[in-house]
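First the structure, in the form of structure tokens, and then the observations on it.
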Amino acid sequence: MERVFRWTLRLLTVLLTLMAGAAMLVYFFASRSLPDYDATWQLDGLNAPVEIVRDNANIPHIFGQKDEDVFFGLGVAHAQDRLWQMMLLRRTAQGRLSELFGARTVKTDEFLRRLDLYRAATESVDALDATSLAALKAYSAGVNAWIETINTEALGRGAPEFFLFQPQIAPWQPADSIAIGKIMALDLATQMQNEILRASASLILPNERLMDILPDVPGDKKMGAPDYGALFPDLPKFARAPVWPNDPLNPVNAPRLSGASNAWAAAASRSAAGAALVANDPHLGLSAPTIWYLARLELKSGGVIGATIPGLPSIMAGRSEKLGWALTAAYADDQDLYMEELNPADTQSYRTPDGWKAFRTERSIIEVKDSDPVTITLRWTENGPVLPRSHFGLDGITPSGHVAALAWTALSSEDSSYQAALKLMKADTIEAAIAAGAHHVAPAVNMILADREGVALQLMGRLPARDPQHVSKGRLPSLGWQDRNRWHGFLPYDENPRIVDPAGGIVGNTNNKTTDRAFPNHVSYLWGDTQRIQRWQKLMAEREVHTRESFIAAQLDTVSITARTLLPLIARDLWYAGEAAPEGTPERQRQRALELLANWNGEMNEHLPEPLIYAAWLRQLQHKLIVDDLGPLADAFIHPEPLFIERVFRDIDGASAWCDIQQSTILENCSDTARIALDEALLWIADNYGSALESLRWGDAHEAHHDHLVLGETPVLKWFVNIRQSTSGGDNTLNRALTAGDGDAPFSNVQAAGYRGVYDFADPDASVFITATGQSGHPLSRHYDDLGELWRRGEYIPMTLDPDLARAGAVGITRLEPR
């Protein structure tokens with residue numbers, strides 16, 4: 001027995017030693033790709049020396065004698081910290097993810113190949129002026145110089161992920177940066193998904209019920225969409241739920257998960273310090289690392305600092321000495337789905353206003369890791385690329401003998417959006433910034449602008465010119481051969497919504513409606529917000545003058561106007577009703593929950609129980625209202641729709657009919673449905689978080705999921721690469737923290753302000769900013785998540801253009817010299 005014990009101990013010791021050795025070996029190779037920020041490198045492609053000063057938050061301040069050298073330096077900095085992220089974005093645009101990830105991403109690659117975004121990006125290089133092209137070439141040279149340095153100096157392949165996946169990296173090209181801009185446009189796109197959802201619902205709901213669940217903003221039923229079933233009578237009158245991708249590597253989002261943002265500015269007349277203020281917090285899906293990367297560029301026109309996207313050499317949101325700019329998603333209707341009629345005698349041709357025409361076709365081979373290649377035939381019509389019926393529930397709304405094609409501004413092969421970004425960085429007045437926006441194509445964004453005295457809002461991006469007789473007014477798929485449904489060019493840029501120096505001195509946008517113009521100059525029927533804007537307007541009106549601190553407080557505000565509006569409606573017949581119930585009964589639990597909600601001010605604070613009770617109730621309530629009417633399609637409405645619930649409980653145009661469960665013999669009223677939904681929500685809470693209501697924490701259910709896009713579900717590794725944080729806020733708060741809506745953790749925070757910035761032109765060096773994780777994409781770097789805890793607590797770091805302040809406490813100075 002003693003001998004067995006000795007040998008067991010020896011084997012265990014050997015095993016532990018081998019494991020420790022393996023762990024040390026993995027750490028050694030992974031750590032080789034951690035860049036030395038205090039080094040000198042001699043590189044090809046430089047005209048003169050460049051200095052990259054990294055401040056104590058690891059933000060690169062890049063100095064050079066020529067603008068091209070500064071962009072070269074940014075290429076090096078991006079590649080040092082985010083090379084894997086850049087290559088992943090490029091592969092996404094190219095439709096080449098399956099070469100790394102196998103069958104998992106074949107459908108994603110197929111969709112991206114059909115859109116042909118990368119070819120459009122390649123052709124768009126010729127649409128740029130010489131200055132913009134020179135900047136992209138210099139940036140590409142910087143990226144490639146660092147890749148060469150990785151190879152020659154054996155720097156761990158540049159990122160630890162390259163040890164797990166194919167390490168070969170093709171040289172960076174200007175088209176790659178343009179392609180990443182198009183991927184960001186796809187991430188923000190909403191109209192295609194909503195056309196599919198609206199068409200699916202229209203097949204089973206009469207128009208007046210459709211306008212309850214999918215209202216136009218501001219909700220006039222006279223604006224209602226036509227009956228999709230009447231447009232295509234042969235379609236079966238039942239709806240299948242559209243299936244949105246749930247793979248984080250797929251850039252197509254469900255309708256509510258597309259991007260959002262807040263941005264506002266106060267002119268000098270509304271600032272306590274007598275100079276303009278700007279605030280911005282764009283909302284995108286959370287990830288580790290975040291999509292945003294902070295940088296400062298010292299150009300000939302002056303310094304610019306703010307948020308970049310790795311792969312794109314521009315400050316997307318930030319400031320210079322004289323100008324600040326912030327962006328929000330404009331929700332412009334820049335996509336249309338068309339049903340293209342096939343020629344019955346020859347399905348390789350389709351109907352046009354001038355007769356039958358052959359598809360433009362091309363074969364494409366998708367290489368798949370560990371599987372046979374997949375060959376697909378790409379097809380295009382005059383309206384745009386043909387989409388596969390197998391994606392996004394298109395098979396349920398595509399009539400027999402038709403295929404779906406997509407028109408979208410981002411498919412342009414003359415995309416000069418980067419030229420607009422470069423001109424914006426060099427603009428020194430609001431007028432110059434607005435003029436720069438004329439070159440922007442996609443995605444459509446609202447740009448909030450401010451110089452020292454004035455403020456403005458300008459929608460930048462192409463808006464399709466539609467015929468006033470368009471059958472569906474762009475809200476539903478329409479027949480592609482009918483000329484009245486087709487685009488007839490684009491609206492003039494000068495007709496885009498524009499506000500310059502408003503009388504009140506404050507301008508802002510929370511993805512709310514920006515114009516009251518009628519179709520076809522309406523911009524959109526679909527807007528990303530009808531709730532946050534109310535809270536923002538109240539906060540702006542409460543003070544005659546604003547400060548940097550009041551703007552920060554507004555960014556971090558977690559009061560839900562939606563909760564304050566809906567709770568008195570859905571609980572009005574339940575509060576303080578009935579006798580006190582015995583302890584331990586469902587009735588007593590309901591009374592406790594109602595008592596808590598009755599005294600709650602609507603603040604979605606992570607430490608409070610009320611937000612969880614409210615959110616669970618609202619989620620269950622909407623499901624009960626719609627499931628018997630929509631059937632499987634109810635699964636597409638995973639987030640409570642505030643306008644719908646308000647219409648139902650105010651009984652607008654008979655909307656209270658939704659409260660009756662048609663499959664039961666009892667005639668339920670809205671109070672009955674609200675009470676049952678609350679009881680069911682409390683049971684769900686008890687199963688998942690316990691029955692002691694006062695001890696609940698919203699933050700336990702509302703964790704921010706900053707997950708690694710590739711390794712986030714890998715055993716063991718996920719504990720090192722994912723970042724999880726308890727957070728405040730919710731779907732409709734200014735401090736927006738959008739919930740997942742479904743799955744095992746329906747209230748997890750999956751989309752939020754990955755970047756926040758507040759710029760104060762009275763004291764520019766007092767401007768502040770923050771990102772959701774950190775600058776580095778390397779999990780072993782201390783800068784992988786060092787900004788994340790500050791972000792969670794609502795804290796910021798200084799944002800300065802003063803070189804001396806940047807050098808104070810710098811973590812290193814990288815010197816680049818011509819070889």
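Going by the structure tokens order, chains are called A, B, ..., each with residues numbered from 1, while ligands are numbered from 1 in the order shown.
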
Residues of range 481-524 of chain A at most 12 Å from range 550-562 of chain A: nearest atom pair and distance in Å, only C-alpha atoms, as JSON lines:
{"residue": "A:Ile506", "atom": "CA", "partner": "A:Phe551", "partner_atom": "CA", "distance": 11.8}
{"residue": "A:Gly508", "atom": "CA", "partner": "A:Phe551", "partner_atom": "CA", "distance": 11.7}
{"residue": "A:Thr510", "atom": "CA", "partner": "A:Gln555", "partner_atom": "CA", "distance": 11.1}

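Here the DSSP assignment of alpha helix (DSSP H), based on backbone atoms, applies within range 238-471 of chain A to Ser417, Tyr418, Gln419, Ala420, Ala421, Leu422, Lys423, Leu424, Met425, Lys426, Ile430, Glu431, Ala432, Ala433, Ile434, Ala435 and Ala436 of chain A.
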
Please save all heavy atoms of the selected residues as a short mmCIF file (atom, residue, chain, number, x, y, z; two decimals), in the first residue's frame.
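Dumped everything to result_11.cif:
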data_model
loop_
_atom_site.label_atom_id
_atom_site.label_comp_id
_atom_site.auth_asym_id
_atom_site.auth_seq_id
_atom_site.Cartn_x
_atom_site.Cartn_y
_atom_site.Cartn_z
N SER A 417 -16.45 57.99 -48.03
CA SER A 417 -16.69 58.33 -46.63
C SER A 417 -15.41 58.65 -45.89
O SER A 417 -15.38 59.52 -45.00
CB SER A 417 -17.43 57.18 -45.93
OG SER A 417 -18.69 56.96 -46.52
N TYR A 418 -14.30 57.96 -46.22
CA TYR A 418 -13.06 58.26 -45.52
C TYR A 418 -12.59 59.68 -45.81
O TYR A 418 -12.03 60.35 -44.94
CB TYR A 418 -11.95 57.26 -45.88
CG TYR A 418 -10.67 57.61 -45.15
CD1 TYR A 418 -10.57 57.41 -43.78
CD2 TYR A 418 -9.61 58.23 -45.81
CE1 TYR A 418 -9.43 57.78 -43.09
CE2 TYR A 418 -8.47 58.60 -45.12
CZ TYR A 418 -8.38 58.38 -43.76
OH TYR A 418 -7.26 58.76 -43.06
N GLN A 419 -12.83 60.14 -47.00
CA GLN A 419 -12.46 61.52 -47.35
C GLN A 419 -13.18 62.50 -46.45
O GLN A 419 -12.61 63.50 -46.00
CB GLN A 419 -12.80 61.78 -48.82
CG GLN A 419 -12.31 63.11 -49.36
CD GLN A 419 -12.46 63.18 -50.87
OE1 GLN A 419 -12.23 62.20 -51.57
NE2 GLN A 419 -12.86 64.33 -51.37
N ALA A 420 -14.47 62.22 -46.15
CA ALA A 420 -15.23 63.08 -45.24
C ALA A 420 -14.62 63.05 -43.85
O ALA A 420 -14.49 64.10 -43.19
CB ALA A 420 -16.69 62.62 -45.20
N ALA A 421 -14.21 61.86 -43.39
CA ALA A 421 -13.63 61.75 -42.06
C ALA A 421 -12.33 62.52 -41.94
O ALA A 421 -12.07 63.19 -40.93
CB ALA A 421 -13.40 60.27 -41.73
N LEU A 422 -11.51 62.46 -42.98
CA LEU A 422 -10.23 63.17 -42.96
C LEU A 422 -10.45 64.69 -42.97
O LEU A 422 -9.80 65.43 -42.23
CB LEU A 422 -9.39 62.75 -44.15
CG LEU A 422 -7.95 63.26 -44.18
CD1 LEU A 422 -7.19 62.80 -42.95
CD2 LEU A 422 -7.24 62.80 -45.45
N LYS A 423 -11.37 65.15 -43.80
CA LYS A 423 -11.67 66.58 -43.85
C LYS A 423 -12.26 67.06 -42.52
O LYS A 423 -12.00 68.19 -42.08
CB LYS A 423 -12.62 66.88 -45.01
CG LYS A 423 -11.97 66.78 -46.39
CD LYS A 423 -12.97 67.13 -47.48
CE LYS A 423 -12.32 67.11 -48.86
NZ LYS A 423 -11.33 68.19 -49.03
N LEU A 424 -13.06 66.21 -41.89
CA LEU A 424 -13.66 66.58 -40.60
C LEU A 424 -12.57 66.79 -39.55
O LEU A 424 -12.64 67.73 -38.75
CB LEU A 424 -14.64 65.50 -40.16
CG LEU A 424 -15.37 65.71 -38.83
CD1 LEU A 424 -16.24 66.96 -38.89
CD2 LEU A 424 -16.23 64.49 -38.50
N MET A 425 -11.55 65.92 -39.55
CA MET A 425 -10.47 66.06 -38.57
C MET A 425 -9.70 67.36 -38.78
O MET A 425 -9.12 67.91 -37.83
CB MET A 425 -9.51 64.88 -38.67
CG MET A 425 -10.05 63.59 -38.10
SD MET A 425 -8.76 62.33 -37.93
CE MET A 425 -8.42 61.93 -39.64
N LYS A 426 -9.66 67.86 -40.00
CA LYS A 426 -8.89 69.06 -40.31
C LYS A 426 -9.73 70.33 -40.31
O LYS A 426 -9.20 71.43 -40.46
CB LYS A 426 -8.20 68.90 -41.66
CG LYS A 426 -7.20 67.75 -41.68
CD LYS A 426 -6.51 67.62 -43.03
CE LYS A 426 -5.47 66.50 -43.02
NZ LYS A 426 -4.75 66.39 -44.30
N ILE A 430 -17.56 75.03 -37.84
CA ILE A 430 -18.75 74.22 -38.07
C ILE A 430 -19.07 74.17 -39.56
O ILE A 430 -19.45 73.11 -40.09
CB ILE A 430 -19.94 74.77 -37.25
CG1 ILE A 430 -19.72 74.50 -35.76
CG2 ILE A 430 -21.25 74.17 -37.72
CD1 ILE A 430 -20.76 75.11 -34.86
N GLU A 431 -18.93 75.28 -40.24
CA GLU A 431 -19.25 75.34 -41.67
C GLU A 431 -18.35 74.38 -42.45
O GLU A 431 -18.81 73.67 -43.36
CB GLU A 431 -19.09 76.75 -42.20
CG GLU A 431 -20.10 77.75 -41.66
CD GLU A 431 -19.86 78.17 -40.22
OE1 GLU A 431 -18.71 77.95 -39.72
OE2 GLU A 431 -20.79 78.68 -39.58
N ALA A 432 -17.05 74.35 -42.12
CA ALA A 432 -16.13 73.45 -42.81
C ALA A 432 -16.46 71.99 -42.51
O ALA A 432 -16.35 71.13 -43.39
CB ALA A 432 -14.69 73.77 -42.40
N ALA A 433 -16.89 71.72 -41.29
CA ALA A 433 -17.25 70.34 -40.94
C ALA A 433 -18.50 69.89 -41.69
O ALA A 433 -18.57 68.75 -42.17
CB ALA A 433 -17.48 70.24 -39.43
N ILE A 434 -19.48 70.77 -41.79
CA ILE A 434 -20.69 70.43 -42.54
C ILE A 434 -20.35 70.19 -44.01
O ILE A 434 -20.85 69.25 -44.64
CB ILE A 434 -21.75 71.54 -42.39
CG1 ILE A 434 -22.29 71.55 -40.95
CG2 ILE A 434 -22.88 71.35 -43.39
CD1 ILE A 434 -23.24 72.70 -40.65
N ALA A 435 -19.48 71.01 -44.57
CA ALA A 435 -19.07 70.82 -45.96
C ALA A 435 -18.36 69.49 -46.14
O ALA A 435 -18.53 68.81 -47.17
CB ALA A 435 -18.17 71.97 -46.40
N ALA A 436 -17.57 69.06 -45.16
CA ALA A 436 -16.87 67.78 -45.25
C ALA A 436 -17.85 66.62 -45.35
O ALA A 436 -17.59 65.63 -46.03
CB ALA A 436 -15.96 67.60 -44.04
#

- Fewer than 6 positions away in the same chain doesn't count, so skip those; otherwise give me all residues within 8 Å of Asn250 in chain A, counting only C-alpha atoms, as an MDAnalysis selection string. chainID A and resid 92 105 108

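With distances restricted to only C-alpha atoms, A:Gly396 is the closest residue to Leu203 in chain A from A:Gly584, A:Gly396, A:Pro35, A:Pro468.
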
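Between Gly741 in chain A and the residues A:Leu594, A:Leu387, A:Leu406, A:Ala701, the shortest atom-to-atom distance, using only C-alpha atoms, involves A:Ala701.
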